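S.K.: Dropping the structure in here first, questions after.
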Amino acid sequence: MALSMKGDFTDNLGKIYGIYVGGFFGFVVLMAILSMVGVPDRVILWSYMAMTIGIYAFIGIMSRTSVVTEYYVAGRSVPAIYNGMATGADWMSGASFVGMAGTLFVLGYDGLAFVLGWTGGYVLVAVLLAPYLRKFGAYTVPDFLGTRYNGNAARLVGIIVLFACSFTYITAQVYASGIIASQFLGIDFELAVFAGLLGILVCSMLGGMKAVTWTQVAQYIVLIVAYLLPAVWMSTVQFGIPIPQLTYGGALSKIAEYEQILGVAKAHVAPFTTYSPKDYFFLIFCLMVGTASLPHILMRFFTTPTVREARKSVGWSLFFIFLLYFTAPAYAAFSKFNLMGLFANAEGLQLAFTAIPEWMLQWGSIAGHQLVTICGVKAETVMAIQAACEAKGFVGGFPYAELKLNNDMIVLSTPSIAGMPIWVVGLVGAGGFAAALSTADGLLLAIANALSHDVYYKMIDPKADTKRRLMISKILLVVVALAAAFLARTKPSDILSMVSWAFSIAAAGLFAPLVLGVWWKRTTSMGAILGMIAGFSVTMYYLIGNVYGFDLVKGTGDEISWFGVASISSGVFGVPVAFIVTYVVSLITPPPSQEMQEFVDRLRLPGGGQMMVQGVND
Amino acid sequence: MSDNISREVAEAHWSKTKNLMLITLAVWAFFSFFIHFFVSTLNNIVILGFPLGFYMAAQGSLIVFVVLIFWFASRQNAIDEEFGVAED
């Protein structure tokens, strides 16, 4: 493998990743055999972590580079299908992997807003942005804004928005990787955050976008296998057909029966039991528009060889993302069906204290988190549960309504809930870790590249040589990563909310200037700059005002609310404001120069090579 | 290559591109929002245990999105080639 990495690496992609997939399956089989011959669980879990991180580090080190185009855009040599896999890993974060099925488990139909919102946005990316940004040939998203809207003012505003959304997002990822590492390795959360950080840096530090691309492809393979295997397993065991996406209809019908028996008021498939229709559709809108504005996603389409490949690559990206997202509802249904079955088939519809499964106590007793709660207490010992339930008047057992599971534990705990062996549990942990790491890497690179390329090189020291620029970029990478880790240690909020905020911020600040920059020639620099500022400010104002109020302390009663819109949908205010301000200001300012209009004309034609010619030193 | 393309050709190319954009986004809006307004009605139809309204949000719309992007990419390629503005 080491030899074929040299030179014609991209010609041998199929062979290299073929060997990798074979090796990965071999490793999983080895773990299965080891667990059967009685190797301790702890050793299996640590082996999974060590093996996968070792591979990512190996790829990261093999892809080290000191060539600027390789560092920023992977040499623009990533074929559509591989870029699709890398985007899939970039996209599917700890929140998707760890939290999505859990959210669907708890919310039922209403949780599908996330499934829809996090897939449909790719249509916007393919149609409105990706091909044009590729044709332009920038290194970063602010680079495009700075050129289209002549100058550093637009660039700077773009960087501020990028920083706000990507930093919120990366904090959530580091937090997620910390949770996973602490649960699977049994180490302290605070320590685990830094273990996660090390895993992130080892992929991106030496080789920038090139290294991140090839590790993300490897991470995609790990995470998708880890996600699909337990679902396929449950489907085969329960319905005899290994296609969970087809068979979970059966589980849905069973859940409906159990809901009748157990008297659950909120039906799993019934719409709008948690969110109002307004919340539901606003959330879909924000997530979709946010998808088409997040810099760490858009910059993945800078790496394809051609405009044509960029378009196709969006299709592949969504296909690879789709594989996980259309499995998540199946995951949720099977888990819910299993769990409700415990109660529906029990004497008097109550789960006896003597029959409390091992996994509830195992997950319940993890320090620092409320993952399993029974009768209002943390499920640590049977004694404690019994005492709390008896105080509530439940003797001998407790009903379904008294069991509360945390969203973030559904996927990670499903293998143990369904009684799967430890080698599956370890695989799922490795998959969740891959998901968090790959997204964190993409985000980290987006931030560090904007700071080093746009702020340092374009605004502070345009004469800096290549070596110096790459060095600055690598130092910034470490600084940003450390800052995110320190913030993550404070456990600022739950993963899903933080991630959703990032989408609203990106949508409000970046969607209008990017789309109008390509699709409306009349957009002026002043219009775009003021539009960005207005959209971003309105959304930030609402977000902070709605969550904390203006004393910045939660729950003190000074929180604002406009039309009852939830904070995770705060982009619905910013996006239209950005469009309106950009439109109005553009019309009252003089039209862009002839030169700029021709620039937009050329942007719209795929042929003729990329426009921004980056010199040797550029 | 783009230097030899006349203004008329470029404009005709862009107008076809814009039409394709509008069609694609119309399909997108239909499956992102419109169809889900009727979830309660659709849920009365149950196929293989899946209530249809639930199915559309969990799988149906997603499949449409994937197919839609590949369809869009091939249509746009055809347009680019028709006007001779595709990459070499």
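Simple scheme: letters A, B, ... for chains in structure tokens order, numbers from 1 for residues in each chain, numbers from 1 for ligands in the order shown.
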Please identify all residues of chain A having at least one atom at most 6 Å from any atom of chain B, considering only C-alpha atoms, and return them as a ChimeraX atom specification.
M.R.: /A:249-250,253,311-312,315,319,326,606-608
S.K.: Go ahead and write the selection's residues with C-alpha atoms as a PDB file, in the first residue's frame.
M.R.:
ATOM      1  CA  GLY A 249     -42.921  -1.183   8.016  1.00  0.00           C
ATOM      2  CA  GLY A 250     -43.629  -4.358   9.982  1.00  0.00           C
ATOM      3  CA  SER A 253     -47.339  -1.711  12.607  1.00  0.00           C
ATOM      4  CA  ARG A 311     -22.245  18.416 -10.456  1.00  0.00           C
ATOM      5  CA  LYS A 312     -22.107  14.655 -10.568  1.00  0.00           C
ATOM      6  CA  GLY A 315     -25.339  13.475  -6.695  1.00  0.00           C
ATOM      7  CA  PHE A 319     -26.455   9.075  -2.489  1.00  0.00           C
ATOM      8  CA  PHE A 326     -32.946   6.253   5.040  1.00  0.00           C
ATOM      9  CA  PRO A 606     -18.390  25.598 -17.798  1.00  0.00           C
ATOM     10  CA  GLY A 607     -15.750  25.521 -20.583  1.00  0.00           C
ATOM     11  CA  GLY A 608     -12.507  27.449 -20.812  1.00  0.00           C
TER      12      GLY A 608
END
S.K.: Could you tell me, as a ChimeraX atom specification, which residues of chain B DSSP assigns to alpha helix (DSSP H) when given the backbone?
M.R.: /B:7-32,39-42,52-55,61-82
S.K.: Write out, as a JSON list (two decimals), in the first residue's frame, the residues just selected, with C-alpha atoms.
M.R.:
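Wrote out11.json, looks like this:
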[["chain", "number", "residue", "atom", "x", "y", "z"],
["B", 7, "ARG", "CA", -22.99, 36.77, -26.87],
["B", 8, "GLU", "CA", -26.10, 35.22, -28.48],
["B", 9, "VAL", "CA", -24.93, 31.69, -27.84],
["B", 10, "ALA", "CA", -24.03, 32.51, -24.25],
["B", 11, "GLU", "CA", -27.45, 34.07, -23.68],
["B", 12, "ALA", "CA", -29.32, 31.15, -25.23],
["B", 13, "HIS", "CA", -27.27, 28.77, -23.09],
["B", 14, "TRP", "CA", -28.06, 30.72, -19.95],
["B", 15, "SER", "CA", -31.76, 30.91, -20.67],
["B", 16, "LYS", "CA", -31.94, 27.11, -21.08],
["B", 17, "THR", "CA", -29.88, 26.70, -17.92],
["B", 18, "LYS", "CA", -32.28, 28.96, -16.06],
["B", 19, "ASN", "CA", -35.27, 26.95, -17.24],
["B", 20, "LEU", "CA", -33.67, 23.75, -16.06],
["B", 21, "MET", "CA", -32.96, 25.42, -12.70],
["B", 22, "LEU", "CA", -36.61, 26.42, -12.34],
["B", 23, "ILE", "CA", -37.90, 22.95, -13.21],
["B", 24, "THR", "CA", -35.47, 21.25, -10.84],
["B", 25, "LEU", "CA", -36.31, 23.61, -7.98],
["B", 26, "ALA", "CA", -40.03, 23.14, -8.60],
["B", 27, "VAL", "CA", -39.66, 19.38, -8.17],
["B", 28, "TRP", "CA", -37.47, 20.03, -5.13],
["B", 29, "ALA", "CA", -40.07, 22.31, -3.52],
["B", 30, "PHE", "CA", -42.86, 19.84, -4.22],
["B", 31, "PHE", "CA", -41.08, 16.98, -2.45],
["B", 32, "SER", "CA", -39.51, 19.12, 0.28],
["B", 39, "VAL", "CA", -49.22, 13.86, 5.64],
["B", 40, "SER", "CA", -52.33, 13.13, 7.71],
["B", 41, "THR", "CA", -54.39, 12.22, 4.65],
["B", 42, "LEU", "CA", -51.58, 10.18, 3.14],
["B", 52, "LEU", "CA", -47.64, 6.70, 3.07],
["B", 53, "GLY", "CA", -47.25, 10.15, 4.65],
["B", 54, "PHE", "CA", -44.58, 8.86, 7.00],
["B", 55, "TYR", "CA", -42.92, 6.94, 4.18],
["B", 61, "SER", "CA", -38.65, 12.33, -0.92],
["B", 62, "LEU", "CA", -35.04, 11.29, -0.31],
["B", 63, "ILE", "CA", -35.07, 8.93, -3.27],
["B", 64, "VAL", "CA", -36.54, 11.69, -5.42],
["B", 65, "PHE", "CA", -33.74, 14.08, -4.35],
["B", 66, "VAL", "CA", -30.99, 11.61, -5.31],
["B", 67, "VAL", "CA", -32.53, 10.82, -8.69],
["B", 68, "LEU", "CA", -33.28, 14.51, -9.28],
["B", 69, "ILE", "CA", -29.64, 15.57, -8.88],
["B", 70, "PHE", "CA", -28.34, 12.92, -11.27],
["B", 71, "TRP", "CA", -31.06, 13.81, -13.76],
["B", 72, "PHE", "CA", -30.21, 17.50, -13.42],
["B", 73, "ALA", "CA", -26.50, 16.83, -13.94],
["B", 74, "SER", "CA", -27.10, 14.90, -17.14],
["B", 75, "ARG", "CA", -29.58, 17.48, -18.49],
["B", 76, "GLN", "CA", -27.16, 20.31, -17.77],
["B", 77, "ASN", "CA", -24.39, 18.40, -19.53],
["B", 78, "ALA", "CA", -26.60, 17.99, -22.56],
["B", 79, "ILE", "CA", -27.31, 21.74, -22.56],
["B", 80, "ASP", "CA", -23.60, 22.58, -22.26],
["B", 81, "GLU", "CA", -22.77, 20.29, -25.16],
["B", 82, "GLU", "CA", -25.61, 21.57, -27.29]]
S.K.: What is the CA of Phe486 in chain A to CA of Leu443 in chain A distance in Å?
M.R.: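 Rounded to one decimal, the two atoms are 16.3 Å apart.
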S.K.: Can you pull out every residue within 10 Å of range 392-406 of chain A, counting only C-alpha atoms, but drop anything in the same chain fewer than 5 positions away, and send it as a ChimeraX atom specification?
M.R.: /A:99,102-103,105-106,262-264,339-344,346-356,360,363-364,369-379,385-387
S.K.: For the selection just defined, write its residues with N, CA and C atoms to a file, as a short mmCIF file (atom, residue, chain, number, x, y, z; two decimals), in the first residue's frame.
M.R.:
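So the final result, stored in part29.cif, reads:
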data_model
loop_
_atom_site.label_atom_id
_atom_site.label_comp_id
_atom_site.auth_asym_id
_atom_site.auth_seq_id
_atom_site.Cartn_x
_atom_site.Cartn_y
_atom_site.Cartn_z
N GLY A 99 -27.06 10.84 17.10
CA GLY A 99 -28.31 11.43 17.59
C GLY A 99 -29.53 11.24 16.71
N GLY A 102 -31.93 8.38 17.50
CA GLY A 102 -32.50 8.65 18.81
C GLY A 102 -33.57 9.71 18.75
N THR A 103 -33.31 10.75 17.94
CA THR A 103 -34.29 11.80 17.77
C THR A 103 -35.56 11.24 17.14
N PHE A 105 -36.53 8.15 17.31
CA PHE A 105 -37.10 7.27 18.32
C PHE A 105 -38.03 8.07 19.23
N VAL A 106 -37.55 9.21 19.69
CA VAL A 106 -38.31 10.02 20.65
C VAL A 106 -39.42 10.82 19.96
N LEU A 262 -50.13 -0.19 25.52
CA LEU A 262 -49.48 0.53 26.62
C LEU A 262 -50.10 1.90 26.87
N GLY A 263 -51.05 2.27 26.02
CA GLY A 263 -51.71 3.56 26.20
C GLY A 263 -50.81 4.76 25.97
N VAL A 264 -49.93 4.67 24.94
CA VAL A 264 -49.07 5.81 24.60
C VAL A 264 -49.86 6.77 23.73
N LEU A 339 -37.97 -2.33 22.52
CA LEU A 339 -38.11 -1.81 23.87
C LEU A 339 -39.56 -1.89 24.35
N MET A 340 -40.49 -1.49 23.47
CA MET A 340 -41.90 -1.53 23.87
C MET A 340 -42.34 -2.98 24.11
N GLY A 341 -41.76 -3.90 23.32
CA GLY A 341 -42.07 -5.31 23.49
C GLY A 341 -41.79 -5.80 24.90
N LEU A 342 -40.71 -5.28 25.50
CA LEU A 342 -40.35 -5.66 26.87
C LEU A 342 -41.50 -5.41 27.82
N PHE A 343 -42.21 -4.30 27.58
CA PHE A 343 -43.29 -3.90 28.49
C PHE A 343 -44.61 -4.55 28.08
N ALA A 344 -44.89 -4.53 26.76
CA ALA A 344 -46.18 -5.03 26.28
C ALA A 344 -46.35 -6.52 26.57
N ALA A 346 -44.95 -8.03 29.14
CA ALA A 346 -44.69 -8.33 30.55
C ALA A 346 -46.01 -8.41 31.33
N GLU A 347 -45.93 -9.07 32.46
CA GLU A 347 -47.08 -9.23 33.37
C GLU A 347 -47.59 -7.85 33.80
N GLY A 348 -48.86 -7.56 33.58
CA GLY A 348 -49.44 -6.29 34.01
C GLY A 348 -48.83 -5.08 33.32
N LEU A 349 -48.21 -5.30 32.17
CA LEU A 349 -47.57 -4.24 31.38
C LEU A 349 -46.49 -3.49 32.16
N GLN A 350 -45.95 -4.15 33.19
CA GLN A 350 -44.88 -3.51 33.95
C GLN A 350 -43.63 -4.38 33.89
N LEU A 351 -42.51 -3.73 33.67
CA LEU A 351 -41.25 -4.45 33.64
C LEU A 351 -40.82 -4.70 35.09
N ALA A 352 -40.69 -6.01 35.45
CA ALA A 352 -40.35 -6.34 36.83
C ALA A 352 -38.95 -5.84 37.18
N PHE A 353 -38.77 -5.43 38.44
CA PHE A 353 -37.44 -4.95 38.87
C PHE A 353 -36.39 -6.04 38.68
N THR A 354 -36.84 -7.29 38.83
CA THR A 354 -35.89 -8.40 38.68
C THR A 354 -35.55 -8.65 37.22
N ALA A 355 -36.35 -8.07 36.30
CA ALA A 355 -36.12 -8.32 34.87
C ALA A 355 -35.47 -7.14 34.16
N ILE A 356 -35.03 -6.15 34.93
CA ILE A 356 -34.38 -4.99 34.29
C ILE A 356 -33.12 -5.46 33.57
N MET A 360 -29.52 -1.41 30.65
CA MET A 360 -30.09 -0.19 31.24
C MET A 360 -29.22 0.30 32.39
N TRP A 363 -25.63 1.53 30.95
CA TRP A 363 -25.66 2.88 30.37
C TRP A 363 -26.12 3.89 31.40
N GLY A 364 -27.03 3.45 32.28
CA GLY A 364 -27.56 4.37 33.28
C GLY A 364 -26.50 4.83 34.25
N HIS A 369 -23.67 11.84 32.93
CA HIS A 369 -24.75 11.94 31.96
C HIS A 369 -26.00 11.27 32.50
N GLN A 370 -27.16 11.78 32.09
CA GLN A 370 -28.43 11.14 32.45
C GLN A 370 -28.90 10.36 31.24
N LEU A 371 -28.31 9.20 30.95
CA LEU A 371 -28.65 8.50 29.72
C LEU A 371 -29.91 7.65 29.89
N VAL A 372 -30.04 6.99 31.02
CA VAL A 372 -31.25 6.20 31.28
C VAL A 372 -31.84 6.68 32.60
N THR A 373 -33.12 7.06 32.56
CA THR A 373 -33.78 7.50 33.78
C THR A 373 -35.03 6.65 33.98
N ILE A 374 -35.18 6.08 35.17
CA ILE A 374 -36.38 5.28 35.46
C ILE A 374 -37.04 5.84 36.71
N CYS A 375 -38.34 6.08 36.63
CA CYS A 375 -39.10 6.68 37.73
C CYS A 375 -38.40 7.95 38.24
N GLY A 376 -37.78 8.69 37.33
CA GLY A 376 -37.18 9.96 37.71
C GLY A 376 -35.79 9.88 38.31
N VAL A 377 -35.23 8.67 38.47
CA VAL A 377 -33.85 8.62 38.97
C VAL A 377 -32.93 7.98 37.93
N LYS A 378 -31.67 8.35 38.04
CA LYS A 378 -30.64 7.77 37.18
C LYS A 378 -30.59 6.26 37.44
N ALA A 379 -30.65 5.48 36.36
CA ALA A 379 -30.75 4.02 36.51
C ALA A 379 -29.39 3.41 36.83
N ILE A 385 -33.66 2.13 41.76
CA ILE A 385 -34.83 2.20 40.88
C ILE A 385 -36.08 1.76 41.64
N GLN A 386 -35.93 0.62 42.35
CA GLN A 386 -37.07 0.07 43.08
C GLN A 386 -37.59 1.07 44.11
N ALA A 387 -36.66 1.70 44.83
CA ALA A 387 -37.05 2.67 45.85
C ALA A 387 -37.83 3.82 45.24
#
